[in-house]
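Written out below as structure tokens is the structure these notes cover.
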Amino acid sequence: MSLLEVNDLRVSFARRNTWFRSRAADFVAVDGVSLAVAPDEIVGLVGESGSGKTTVARAIVGLVQPVSGTVLLDGVPLGPVGRRTTAQQRAAQMVFQDPRSSLSPRMTVAAIINEAWRTHPESAPPGDRTAALHRLLDDVGLDASVARHRAGELSGGQCQRVSIARALAVRPRLLVCDEAVSALDVSVQAQILRLLVDLRERHHLAMLFISHDLGVVHQIADRIAVMRRGVVVEEGRTTDVLGAPRHEYTRSLLDAALELSTTDAQDRSR
Ligand SMILES: Nc1ncnc2c1ncn2[C@@H]1O[C@H](COP(=O)(O)OP(=O)(O)OP(=O)(O)O)[C@@H](O)[C@H]1O
């Protein structure tokens, strides 16, 4: 059985007609998306900017209310936004693109993790929290001394490790990573990707990994779903989708990625 199942999800946003100060027809950002993620599986969600990837992610974790469709975790439908149980809120955690803006720069790393435990006390470790905090930091490849630092003093890669630790602190089943490595240098990107693959194995985590970068998704995803204008146009095993794309849009994304990497290589050789 799938851990996450999204069925026929539809999300729209109200639009205003500024000329007549009236309400225009709603804009449909996600138009009947279905996808599934098995336990321990990493599914990549790709597509160009504005295709609706983040909106799908936000609907899964309960940050936006869909017009219709269902999101099931372990076969259980998740409630509407604001009415999910705490266990449901914990189960799917999101890791955002820009770790510097998703962490409060003045808070220490210890305070950030403790806040997650305060929000979800049922996931807080019994006994010595300092030891648990250090284990958590070790889990994401950070030294225990980082606990005392404020988020604003850390590098982008360290901040993203802290964001991942904060998500792990509440013992989720699914990580929804939205462009989680896009703001990082290529070498740091590779380290964070390795960490995510590692965590999947150690914690039996499933992941929905959203990225516009096919190269990155190729490195991490078992399966890929390709979104265009609110619709999934193609999905399958990563090697199949990227090796022999069936949809013209996937082919155009691949061509664009190839062109970009050729230009990069030429720039580097100059
Ligand atoms: N809160 C909102 N109100 C109005 N329109 C929105 C809102 N959130 C998203 N949209 C619109 O929905 C569409 C899909 O946006 P979304 O952020 O999901 O795409 P995306 O594929 O994640 O793109 P990007 O990678 O640039 O974030 C876009 O046209 C966007 O402008």
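FYI, nothing fancy with the structure tokens labels: chains A, B, ... in order, residues from 1 per chain, ligands from 1 as they appear.
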
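All residues, whether protein, DNA or RNA, that have an atom at most 6 Å from ligand 1 (counting only C-alpha atoms and all ligand atoms) are Phe13, Ala29, Glu48, Ser49, Gly50, Ser51, Gly52, Lys53, Thr54 and Thr55 of chain A.
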
Export of prior selection with N, CA and C atoms as a compact mmCIF listing (two decimals), in the first residue's frame:
# COMPACT_ATOMS: atom_id res chain seq x y z
N PHE A 13 -7.26 29.47 -6.81
CA PHE A 13 -7.08 30.71 -6.05
C PHE A 13 -8.02 31.76 -6.61
N ALA A 29 -4.78 26.30 -10.09
CA ALA A 29 -3.32 26.06 -10.06
C ALA A 29 -3.00 24.57 -10.14
N GLU A 48 8.25 23.18 -14.81
CA GLU A 48 8.82 24.53 -14.77
C GLU A 48 8.08 25.39 -13.74
N SER A 49 8.64 26.57 -13.51
CA SER A 49 8.07 27.48 -12.53
C SER A 49 6.60 27.77 -12.84
N GLY A 50 5.76 27.71 -11.84
CA GLY A 50 4.34 28.02 -12.02
C GLY A 50 3.50 26.82 -12.41
N SER A 51 4.12 25.64 -12.50
CA SER A 51 3.34 24.47 -12.95
C SER A 51 2.44 23.91 -11.84
N GLY A 52 2.66 24.34 -10.59
CA GLY A 52 1.75 23.93 -9.51
C GLY A 52 2.37 23.01 -8.48
N LYS A 53 3.70 22.79 -8.56
CA LYS A 53 4.37 21.82 -7.66
C LYS A 53 4.22 22.22 -6.19
N THR A 54 4.54 23.50 -5.90
CA THR A 54 4.47 23.96 -4.50
C THR A 54 3.05 23.89 -3.98
N THR A 55 2.09 24.18 -4.83
CA THR A 55 0.69 24.15 -4.39
C THR A 55 0.30 22.72 -4.02

Would you list, as a list in words, the residues of stretch 29-127 of chain A that end up in alpha helix (DSSP H) under DSSP run on this structure's backbone?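 Listing alpha helix (DSSP H) positions across stretch 29-127 of chain A yields Lys53, Thr54, Thr55, Val56, Ala57, Arg58, Ala59, Ile60, Thr86, Ala87, Gln88, Gln89, Arg90, Ala91, Pro99, Arg100, Ser101, Ser102, Val109, Ala110, Ala111, Ile112, Ile113, Asn114, Glu115, Ala116, Trp117, Arg118 and Thr119 of chain A.
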
Output the selection as a compact mmCIF listing (two decimals), in the first residue's frame - C-alpha atoms for each residue.
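Saved to again_10.txt:
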# COMPACT_ATOMS: atom_id res chain seq x y z
CA LYS A 53 4.37 21.82 -7.66
CA THR A 54 4.47 23.96 -4.50
CA THR A 55 0.69 24.15 -4.39
CA VAL A 56 0.52 20.33 -4.43
CA ALA A 57 3.06 20.25 -1.58
CA ARG A 58 1.15 22.84 0.43
CA ALA A 59 -2.10 20.93 0.00
CA ILE A 60 -0.43 17.71 1.20
CA THR A 86 -1.69 16.48 15.61
CA ALA A 87 -0.58 13.01 14.54
CA GLN A 88 -1.55 13.89 10.96
CA GLN A 89 0.27 17.22 11.17
CA ARG A 90 3.42 15.51 12.40
CA ALA A 91 3.34 12.73 9.83
CA PRO A 99 16.68 27.59 4.86
CA ARG A 100 17.78 31.08 5.89
CA SER A 101 14.29 32.48 5.63
CA SER A 102 12.51 29.40 6.98
CA VAL A 109 19.51 25.69 16.97
CA ALA A 110 18.61 24.17 20.37
CA ALA A 111 15.62 26.54 20.68
CA ILE A 112 14.46 25.70 17.14
CA ILE A 113 14.41 21.98 17.88
CA ASN A 114 12.88 22.47 21.34
CA GLU A 115 10.11 24.52 19.77
CA ALA A 116 9.28 21.59 17.46
CA TRP A 117 9.09 19.33 20.53
CA ARG A 118 6.93 21.91 22.33
CA THR A 119 4.52 22.07 19.37

Find the residues near A:Ser123: any atom within 8 Å, counting only C-alpha atoms, skip ones fewer than 5 places away on the same chain, and give them as a tab-separated table (two decimals) with N, CA and C atoms, in the first residue's frame.
chain	number	residue	atom	x	y	z
A	117	TRP	N	9.53	20.29	19.50
A	117	TRP	CA	9.09	19.33	20.53
A	117	TRP	C	7.96	19.91	21.38
A	169	ALA	N	12.65	15.93	14.02
A	169	ALA	CA	12.41	15.96	15.48
A	169	ALA	C	11.03	15.44	15.83
A	170	VAL	N	10.05	15.65	14.93
A	170	VAL	CA	8.68	15.24	15.27
A	170	VAL	C	8.34	13.86	14.68
A	171	ARG	N	9.38	13.16	14.26
A	171	ARG	CA	9.27	11.78	13.75
A	171	ARG	C	8.20	11.60	12.67

Please tabulate, as CSV, the residues of stretch 93-186 of chain A that come within 12 Å of stretch 62-71 of chain A, each with its closest pair of atoms and the distance in Å to one decimal, counting only C-alpha atoms and ordering rows by chain, then residue number upward.
residue,atom,partner,partner_atom,distance
A:Gln93,CA,A:Gly62,CA,10.0
A:Met94,CA,A:Leu63,CA,10.2
A:Val176,CA,A:Gly62,CA,11.7

Taken to one decimal, the atom CA of A:Val197-atom CA of A:Leu214 distance is 16.8 Å

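With distances restricted to only C-alpha atoms, A:Val6 is the closest residue to A:Leu78 from A:Asp185, A:Val6, A:His149, A:Glu41.
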
Just the strand (DSSP E) stuff from stretch 1-166 of chain A, please, per backbone DSSP, written as a ChimeraX atom specification. /A:4-17,22-37,42-46,68-73,76-77,92-95

Output for the residues just chosen: N, CA and C atoms as a compact mmCIF listing (two decimals), in the first residue's frame:
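Output (again23.txt):
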# COMPACT_ATOMS: atom_id res chain seq x y z
N LEU A 4 1.65 7.67 0.92
CA LEU A 4 0.90 8.88 0.54
C LEU A 4 0.13 8.60 -0.74
N GLU A 5 -1.12 9.00 -0.72
CA GLU A 5 -1.92 8.87 -1.93
C GLU A 5 -2.67 10.18 -2.14
N VAL A 6 -2.45 10.79 -3.29
CA VAL A 6 -3.15 12.03 -3.63
C VAL A 6 -4.08 11.69 -4.78
N ASN A 7 -5.37 11.95 -4.59
CA ASN A 7 -6.34 11.59 -5.63
C ASN A 7 -7.07 12.80 -6.16
N ASP A 8 -6.89 13.02 -7.45
CA ASP A 8 -7.68 14.03 -8.18
C ASP A 8 -7.73 15.38 -7.45
N LEU A 9 -6.57 15.83 -7.03
CA LEU A 9 -6.47 17.07 -6.25
C LEU A 9 -6.68 18.29 -7.15
N ARG A 10 -7.50 19.19 -6.65
CA ARG A 10 -7.77 20.41 -7.40
C ARG A 10 -7.67 21.59 -6.43
N VAL A 11 -6.82 22.56 -6.80
CA VAL A 11 -6.66 23.74 -5.94
C VAL A 11 -6.83 24.98 -6.82
N SER A 12 -7.64 25.91 -6.36
CA SER A 12 -7.75 27.15 -7.14
C SER A 12 -7.60 28.35 -6.21
N PHE A 13 -7.26 29.47 -6.81
CA PHE A 13 -7.08 30.71 -6.05
C PHE A 13 -8.02 31.76 -6.61
N ALA A 14 -8.56 32.57 -5.69
CA ALA A 14 -9.46 33.64 -6.13
C ALA A 14 -8.66 34.71 -6.87
N ARG A 15 -9.25 35.23 -7.91
CA ARG A 15 -8.61 36.32 -8.65
C ARG A 15 -9.56 37.51 -8.67
N ARG A 16 -8.98 38.69 -8.62
CA ARG A 16 -9.85 39.86 -8.68
C ARG A 16 -9.62 40.56 -10.01
N ASN A 17 -10.71 41.05 -10.56
CA ASN A 17 -10.60 41.84 -11.78
C ASN A 17 -10.35 43.28 -11.35
N SER A 22 -14.12 43.66 -9.43
CA SER A 22 -15.04 42.55 -9.20
C SER A 22 -14.23 41.27 -9.13
N ARG A 23 -14.89 40.19 -8.77
CA ARG A 23 -14.19 38.93 -8.68
C ARG A 23 -14.17 38.25 -10.05
N ALA A 24 -12.95 37.87 -10.51
CA ALA A 24 -12.85 37.17 -11.79
C ALA A 24 -12.94 35.67 -11.53
N ALA A 25 -12.98 34.89 -12.60
CA ALA A 25 -13.01 33.43 -12.43
C ALA A 25 -11.77 32.99 -11.66
N ASP A 26 -11.94 31.97 -10.79
CA ASP A 26 -10.80 31.49 -10.01
C ASP A 26 -9.71 30.93 -10.93
N PHE A 27 -8.47 31.04 -10.46
CA PHE A 27 -7.35 30.50 -11.22
C PHE A 27 -7.07 29.08 -10.70
N VAL A 28 -7.12 28.12 -11.59
CA VAL A 28 -6.91 26.73 -11.18
C VAL A 28 -5.41 26.41 -11.27
N ALA A 29 -4.78 26.30 -10.09
CA ALA A 29 -3.32 26.06 -10.06
C ALA A 29 -3.00 24.57 -10.14
N VAL A 30 -3.90 23.74 -9.59
CA VAL A 30 -3.70 22.28 -9.62
C VAL A 30 -5.02 21.68 -10.09
N ASP A 31 -4.93 20.94 -11.17
CA ASP A 31 -6.15 20.56 -11.86
C ASP A 31 -6.30 19.04 -12.00
N GLY A 32 -6.56 18.40 -10.88
CA GLY A 32 -6.81 16.95 -10.93
C GLY A 32 -5.53 16.12 -10.85
N VAL A 33 -4.67 16.47 -9.88
CA VAL A 33 -3.40 15.72 -9.74
C VAL A 33 -3.60 14.49 -8.86
N SER A 34 -3.10 13.36 -9.36
CA SER A 34 -3.07 12.13 -8.55
C SER A 34 -1.63 11.64 -8.52
N LEU A 35 -1.17 11.25 -7.37
CA LEU A 35 0.15 10.63 -7.29
C LEU A 35 0.25 9.81 -6.01
N ALA A 36 1.23 8.93 -5.97
CA ALA A 36 1.38 8.07 -4.80
C ALA A 36 2.86 7.93 -4.46
N VAL A 37 3.13 7.81 -3.16
CA VAL A 37 4.50 7.58 -2.70
C VAL A 37 4.47 6.37 -1.76
N ILE A 42 11.33 7.62 -2.79
CA ILE A 42 11.50 9.05 -3.08
C ILE A 42 10.91 9.32 -4.46
N VAL A 43 9.88 10.16 -4.48
CA VAL A 43 9.25 10.51 -5.75
C VAL A 43 9.58 11.96 -6.07
N GLY A 44 10.09 12.20 -7.25
CA GLY A 44 10.42 13.55 -7.69
C GLY A 44 9.22 14.17 -8.38
N LEU A 45 8.95 15.44 -8.04
CA LEU A 45 7.88 16.16 -8.74
C LEU A 45 8.56 17.31 -9.47
N VAL A 46 8.55 17.24 -10.81
CA VAL A 46 9.29 18.24 -11.59
C VAL A 46 8.32 19.01 -12.49
N SER A 68 -11.20 20.25 -4.25
CA SER A 68 -11.67 18.86 -4.23
C SER A 68 -10.48 17.92 -4.29
N GLY A 69 -10.77 16.65 -4.12
CA GLY A 69 -9.70 15.65 -4.12
C GLY A 69 -9.38 15.21 -2.71
N THR A 70 -8.61 14.14 -2.59
CA THR A 70 -8.27 13.65 -1.25
C THR A 70 -6.78 13.42 -1.13
N VAL A 71 -6.31 13.55 0.10
CA VAL A 71 -4.92 13.21 0.44
C VAL A 71 -5.00 12.16 1.54
N LEU A 72 -4.43 10.99 1.28
CA LEU A 72 -4.47 9.91 2.27
C LEU A 72 -3.06 9.57 2.73
N LEU A 73 -2.93 9.35 4.02
CA LEU A 73 -1.66 8.90 4.57
C LEU A 73 -1.91 7.57 5.24
N VAL A 76 -5.49 6.62 5.31
CA VAL A 76 -6.46 7.41 6.09
C VAL A 76 -6.54 8.82 5.48
N PRO A 77 -7.75 9.27 5.11
CA PRO A 77 -7.87 10.62 4.53
C PRO A 77 -7.48 11.69 5.56
N ALA A 92 3.49 14.40 8.06
CA ALA A 92 4.05 14.94 6.81
C ALA A 92 4.69 16.28 7.11
N GLN A 93 6.00 16.34 7.00
CA GLN A 93 6.75 17.57 7.32
C GLN A 93 7.37 18.14 6.06
N MET A 94 7.41 19.47 6.01
CA MET A 94 7.93 20.11 4.80
C MET A 94 9.32 20.70 5.05
N VAL A 95 10.19 20.58 4.06
CA VAL A 95 11.50 21.24 4.10
C VAL A 95 11.50 22.25 2.95

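The closest residue to A:Ser155, picked from A:Pro245, A:Gly79, A:Gly215, A:Pro105 and counting only C-alpha atoms, is A:Pro105.
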
Please measure the separation of atom CA of A:Arg148 and atom CA of A:Met207, giving the value in Å to one decimal. 29.3 Å

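Using only C-alpha atoms, the smallest distance between any of A:Val61, A:Val188, A:Ala221, A:Ala256 and A:Leu174 comes from A:Val61.
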
Spatial neighbours of A:Asp240, max dist 12 Å, only C-alpha atoms, sep filter under 2 positions, as an MDAnalysis selection string: chainID A and resid 218 221:225 234:238 242:247 250

Would you mind exporting C-alpha atoms of the selected residues as a PDB file, in the first residue's frame?
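Just written: again.pdb:
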ATOM      1  CA  HIS A 218      17.802  12.241 -11.376  1.00  0.00           C
ATOM      2  CA  ALA A 221      14.267  10.008  -7.083  1.00  0.00           C
ATOM      3  CA  ASP A 222      13.067   6.435  -7.636  1.00  0.00           C
ATOM      4  CA  ARG A 223      10.113   7.703  -9.610  1.00  0.00           C
ATOM      5  CA  ILE A 224       9.227  11.002 -11.238  1.00  0.00           C
ATOM      6  CA  ALA A 225       5.980  12.825 -11.928  1.00  0.00           C
ATOM      7  CA  GLU A 234       3.903  11.913 -17.334  1.00  0.00           C
ATOM      8  CA  GLU A 235       5.068   9.678 -14.535  1.00  0.00           C
ATOM      9  CA  GLY A 236       7.136   6.563 -14.134  1.00  0.00           C
ATOM     10  CA  ARG A 237      10.465   5.218 -12.967  1.00  0.00           C
ATOM     11  CA  THR A 238      13.201   7.862 -13.087  1.00  0.00           C
ATOM     12  CA  LEU A 242      14.449  10.605 -18.161  1.00  0.00           C
ATOM     13  CA  GLY A 243      15.854   7.879 -20.434  1.00  0.00           C
ATOM     14  CA  ALA A 244      12.886   7.600 -22.784  1.00  0.00           C
ATOM     15  CA  PRO A 245      10.386  10.406 -22.121  1.00  0.00           C
ATOM     16  CA  ARG A 246       6.969   9.812 -23.665  1.00  0.00           C
ATOM     17  CA  HIS A 247       5.553  13.303 -23.351  1.00  0.00           C
ATOM     18  CA  THR A 250       9.234  16.118 -20.647  1.00  0.00           C
TER      19      THR A 250
END

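Of the listed residues (A:Gly157, A:Gly230, A:Pro125, A:Pro80), A:Gly157 comes nearest to A:Ala183; the distances count only C-alpha atoms.
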
Exercise: A:Gly47 partners within 7 Å, only C-alpha atoms, chain neighbours under 5 positions left out, as a PyMOL selection string: chain A and resi 212+226-228

Contact residues around A:His134 with only C-alpha atoms at 9 Å, ignoring same-chain residues under 3 positions, as a PyMOL selection string: chain A and resi 129-131+137-139+142-145+147

When you count only C-alpha atoms, which of these residues is closest to A:Ala167: A:Val232, A:Arg202, A:Leu103, A:Met1? A:Leu103

Between atom CA of A:Ile210 and atom CA of A:Gly75, what distance in Å does the model show, to one decimal?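 We find that atom CA of A:Ile210 and atom CA of A:Gly75 lie 22.5 Å from each other.
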